[in-house]
Amino acid sequence: MTESSAACDVHAPSPASPSGLHGHISNVSTDPRRRRRGYARACLDALLTWFGEETPVTVVNLNATGDGAALYESFGFAAPRHPALQLRTGA
């Protein structure tokens, strides 16, 4: 079984995203016994088709594990030019 989820997030408009709407893929996971059968690829393809046909999103973000990075890169995902920094406040 493979599961996936995605959403649209509002950000300030930019040249790369004039609408300010970004896509975010938050989860693509496959039962380890079902891997290497194309299920995750099919889910990712469906999500990207949805973003492209049903939303004004021009930027899609995700966080990849080492196991999933090659799949995402095969769809054209790459490290951003300006990676985000993060501060954990402990609150």
# chains A, B, ... in the order shown; residues from 1 in each chain; ligands from 1
call {"tool": "residues_around", "arguments": {"residues": "segment 65-75 of chain A", "least_positions_apart": "6", "cutoff": "12 Å", "atoms": "only C-alpha atoms", "output": "tab-separated table (two decimals) with all heavy atoms, in the first residue's frame"}}
result
chain	number	residue	atom	x	y	z
A	25	ILE	N	4.07	18.65	-0.81
A	25	ILE	CA	3.81	17.22	-0.69
A	25	ILE	C	4.35	16.81	0.66
A	25	ILE	O	5.56	16.92	0.93
A	25	ILE	CB	4.47	16.44	-1.84
A	25	ILE	CG1	3.84	16.88	-3.17
A	25	ILE	CG2	4.33	14.94	-1.61
A	25	ILE	CD1	4.49	16.30	-4.40
A	26	SER	N	3.45	16.37	1.53
A	26	SER	CA	3.86	16.10	2.90
A	26	SER	C	4.14	14.63	3.17
A	26	SER	O	4.74	14.31	4.18
A	26	SER	CB	2.80	16.62	3.88
A	26	SER	OG	1.55	16.07	3.58
A	27	ASN	N	3.72	13.77	2.29
A	27	ASN	CA	3.91	12.35	2.59
A	27	ASN	C	3.73	11.51	1.34
A	27	ASN	O	2.75	11.63	0.64
A	27	ASN	CB	2.87	11.92	3.64
A	27	ASN	CG	3.06	10.50	4.08
A	27	ASN	OD1	4.17	10.01	4.17
A	27	ASN	ND2	1.96	9.83	4.35
A	28	VAL	N	4.71	10.68	1.07
A	28	VAL	CA	4.57	9.59	0.10
A	28	VAL	C	5.26	8.40	0.77
A	28	VAL	O	6.47	8.44	0.99
A	28	VAL	CB	5.24	9.88	-1.26
A	28	VAL	CG1	5.14	8.68	-2.18
A	28	VAL	CG2	4.63	11.10	-1.92
A	29	SER	N	4.49	7.42	1.16
A	29	SER	CA	5.10	6.27	1.83
A	29	SER	C	4.50	4.98	1.29
A	29	SER	O	3.31	4.91	1.01
A	29	SER	CB	4.91	6.36	3.34
A	29	SER	OG	3.53	6.37	3.66
A	30	THR	N	5.36	4.00	1.17
A	30	THR	CA	4.96	2.70	0.64
A	30	THR	C	5.31	1.62	1.65
A	30	THR	O	6.41	1.62	2.20
A	30	THR	CB	5.68	2.41	-0.70
A	30	THR	OG1	5.39	3.46	-1.61
A	30	THR	CG2	5.24	1.09	-1.30
A	32	PRO	N	6.92	-1.34	3.05
A	32	PRO	CA	8.20	-1.92	2.60
A	32	PRO	C	8.05	-3.20	1.77
A	32	PRO	O	8.85	-3.47	0.89
A	32	PRO	CB	8.94	-2.20	3.90
A	32	PRO	CG	8.38	-1.23	4.88
A	32	PRO	CD	6.93	-1.07	4.49
A	35	ARG	N	7.39	-2.13	-2.08
A	35	ARG	CA	8.27	-1.17	-2.75
A	35	ARG	C	8.82	-1.73	-4.07
A	35	ARG	O	8.82	-2.91	-4.32
A	35	ARG	CB	9.42	-0.78	-1.81
A	35	ARG	CG	8.91	0.05	-0.66
A	35	ARG	CD	10.01	0.55	0.22
A	35	ARG	NE	9.43	1.36	1.29
A	35	ARG	CZ	10.02	1.64	2.41
A	35	ARG	NH1	11.24	1.21	2.64
A	35	ARG	NH2	9.41	2.37	3.32
A	36	ARG	N	9.29	-0.79	-4.90
A	36	ARG	CA	9.91	-1.10	-6.20
A	36	ARG	C	8.91	-1.65	-7.21
A	36	ARG	O	9.27	-2.39	-8.12
A	36	ARG	CB	11.09	-2.06	-6.05
A	36	ARG	CG	12.10	-1.74	-4.97
A	36	ARG	CD	12.88	-0.49	-5.12
A	36	ARG	NE	13.51	-0.34	-6.42
A	36	ARG	CZ	14.04	0.79	-6.85
A	36	ARG	NH1	14.00	1.86	-6.10
A	36	ARG	NH2	14.58	0.88	-8.03
A	38	GLY	N	6.45	0.70	-8.51
A	38	GLY	CA	5.94	1.87	-9.21
A	38	GLY	C	4.78	2.58	-8.53
A	38	GLY	O	4.23	3.54	-9.07
A	39	TYR	N	4.39	2.14	-7.34
A	39	TYR	CA	3.25	2.75	-6.66
A	39	TYR	C	3.53	4.19	-6.24
A	39	TYR	O	2.70	5.08	-6.44
A	39	TYR	CB	2.82	1.93	-5.44
A	39	TYR	CG	2.41	0.51	-5.75
A	39	TYR	CD1	2.86	-0.54	-4.98
A	39	TYR	CD2	1.56	0.23	-6.83
A	39	TYR	CE1	2.47	-1.84	-5.26
A	39	TYR	CE2	1.16	-1.07	-7.11
A	39	TYR	CZ	1.63	-2.10	-6.32
A	39	TYR	OH	1.24	-3.38	-6.60
A	40	ALA	N	4.69	4.43	-5.64
A	40	ALA	CA	5.03	5.79	-5.21
A	40	ALA	C	5.15	6.71	-6.42
A	40	ALA	O	4.70	7.85	-6.39
A	40	ALA	CB	6.32	5.79	-4.40
A	41	ARG	N	5.72	6.21	-7.51
A	41	ARG	CA	5.84	6.99	-8.74
A	41	ARG	C	4.45	7.37	-9.27
A	41	ARG	O	4.21	8.51	-9.66
A	41	ARG	CB	6.62	6.21	-9.80
A	41	ARG	CG	6.76	6.94	-11.14
A	41	ARG	CD	7.70	6.21	-12.07
A	41	ARG	NE	9.06	6.20	-11.55
A	41	ARG	CZ	9.90	7.25	-11.63
A	41	ARG	NH1	9.52	8.37	-12.21
A	41	ARG	NH2	11.12	7.16	-11.15
A	42	ALA	N	3.52	6.44	-9.24
A	42	ALA	CA	2.17	6.71	-9.72
A	42	ALA	C	1.48	7.75	-8.82
A	42	ALA	O	0.79	8.65	-9.32
A	42	ALA	CB	1.35	5.43	-9.76
A	43	CYS	N	1.66	7.63	-7.51
A	43	CYS	CA	1.07	8.62	-6.59
A	43	CYS	C	1.67	10.00	-6.81
A	43	CYS	O	0.94	11.00	-6.87
A	43	CYS	CB	1.28	8.20	-5.14
A	43	CYS	SG	0.22	6.85	-4.62
A	44	LEU	N	2.99	10.06	-6.92
A	44	LEU	CA	3.64	11.35	-7.14
A	44	LEU	C	3.20	11.96	-8.46
A	44	LEU	O	2.91	13.16	-8.53
A	44	LEU	CB	5.16	11.18	-7.09
A	44	LEU	CG	5.98	12.46	-7.21
A	44	LEU	CD1	5.64	13.44	-6.09
A	44	LEU	CD2	7.47	12.13	-7.20
A	45	ASP	N	3.11	11.16	-9.49
A	45	ASP	CA	2.65	11.64	-10.79
A	45	ASP	C	1.23	12.21	-10.68
A	45	ASP	O	0.94	13.27	-11.22
A	45	ASP	CB	2.72	10.52	-11.82
A	45	ASP	CG	2.39	11.02	-13.21
A	45	ASP	OD1	3.04	11.98	-13.67
A	45	ASP	OD2	1.48	10.45	-13.84
A	46	ALA	N	0.36	11.52	-9.96
A	46	ALA	CA	-1.02	12.00	-9.78
A	46	ALA	C	-1.06	13.32	-9.01
A	46	ALA	O	-1.81	14.23	-9.37
A	46	ALA	CB	-1.86	10.94	-9.07
A	47	LEU	N	-0.24	13.44	-7.97
A	47	LEU	CA	-0.20	14.69	-7.21
A	47	LEU	C	0.28	15.84	-8.08
A	47	LEU	O	-0.29	16.94	-8.06
A	47	LEU	CB	0.70	14.55	-5.98
A	47	LEU	CG	0.19	13.66	-4.86
A	47	LEU	CD1	1.29	13.48	-3.81
A	47	LEU	CD2	-1.06	14.25	-4.23
A	48	LEU	N	1.34	15.61	-8.84
A	48	LEU	CA	1.88	16.69	-9.69
A	48	LEU	C	0.90	17.04	-10.80
A	48	LEU	O	0.80	18.22	-11.19
A	48	LEU	CB	3.24	16.29	-10.23
A	48	LEU	CG	4.33	16.14	-9.16
A	48	LEU	CD1	5.63	15.65	-9.78
A	48	LEU	CD2	4.54	17.43	-8.40
A	49	THR	N	0.18	16.07	-11.32
A	49	THR	CA	-0.85	16.35	-12.31
A	49	THR	C	-1.94	17.21	-11.70
A	49	THR	O	-2.40	18.19	-12.30
A	49	THR	CB	-1.44	15.05	-12.89
A	49	THR	OG1	-0.38	14.34	-13.54
A	49	THR	CG2	-2.57	15.31	-13.85
call {"tool": "closest_atom_pairs", "arguments": {"of": "segment 52-90 of chain A", "to": "segment 20-24 of chain A", "cutoff": "10 Å", "atoms": "only C-alpha atoms", "output": "JSON lines"}}
result
{"residue": "A:Gly52", "atom": "CA", "partner": "A:Gly23", "partner_atom": "CA", "distance": 10.0}
{"residue": "A:Thr55", "atom": "CA", "partner": "A:Leu21", "partner_atom": "CA", "distance": 8.6}
{"residue": "A:Pro56", "atom": "CA", "partner": "A:Leu21", "partner_atom": "CA", "distance": 7.0}
{"residue": "A:Val57", "atom": "CA", "partner": "A:His22", "partner_atom": "CA", "distance": 5.4}
{"residue": "A:Thr58", "atom": "CA", "partner": "A:His22", "partner_atom": "CA", "distance": 6.8}
{"residue": "A:Val59", "atom": "CA", "partner": "A:His22", "partner_atom": "CA", "distance": 5.2}
{"residue": "A:Val60", "atom": "CA", "partner": "A:Gly23", "partner_atom": "CA", "distance": 4.3}
{"residue": "A:Asn61", "atom": "CA", "partner": "A:His24", "partner_atom": "CA", "distance": 4.8}
{"residue": "A:Leu62", "atom": "CA", "partner": "A:His24", "partner_atom": "CA", "distance": 5.8}
{"residue": "A:Asn63", "atom": "CA", "partner": "A:His24", "partner_atom": "CA", "distance": 9.1}
call {"tool": "select_by_dssp", "arguments": {"residues": "chain A", "states": "strand (DSSP E or B)", "output": "ChimeraX atom specification"}}
result
/A:2-10,14,17,21-30,60-62
call {"tool": "write_last_selection", "arguments": {"atoms": "C-alpha atoms", "output": "compact mmCIF listing (two decimals), in the first residue's frame"}}
result
# COMPACT_ATOMS: atom_id res chain seq x y z
CA THR A 2 1.20 3.51 -0.83
CA GLU A 3 -0.15 6.67 0.75
CA SER A 4 0.41 10.28 -0.24
CA SER A 5 -0.86 13.69 0.75
CA ALA A 6 -0.43 17.22 -0.51
CA ALA A 7 -1.77 20.72 0.10
CA CYS A 8 -1.50 24.28 -1.12
CA ASP A 9 0.02 26.91 1.19
CA VAL A 10 -0.26 30.69 0.81
CA SER A 14 7.38 36.16 -5.86
CA SER A 17 5.28 32.09 -7.69
CA LEU A 21 0.42 29.71 -3.73
CA HIS A 22 2.95 26.91 -3.16
CA GLY A 23 2.31 23.21 -3.31
CA HIS A 24 3.60 20.99 -0.55
CA ILE A 25 3.81 17.22 -0.69
CA SER A 26 3.86 16.10 2.90
CA ASN A 27 3.91 12.35 2.59
CA VAL A 28 4.57 9.59 0.10
CA SER A 29 5.10 6.27 1.83
CA THR A 30 4.96 2.70 0.64
CA VAL A 60 6.03 22.46 -5.22
CA ASN A 61 8.10 21.69 -2.11
CA LEU A 62 8.78 18.48 -0.25
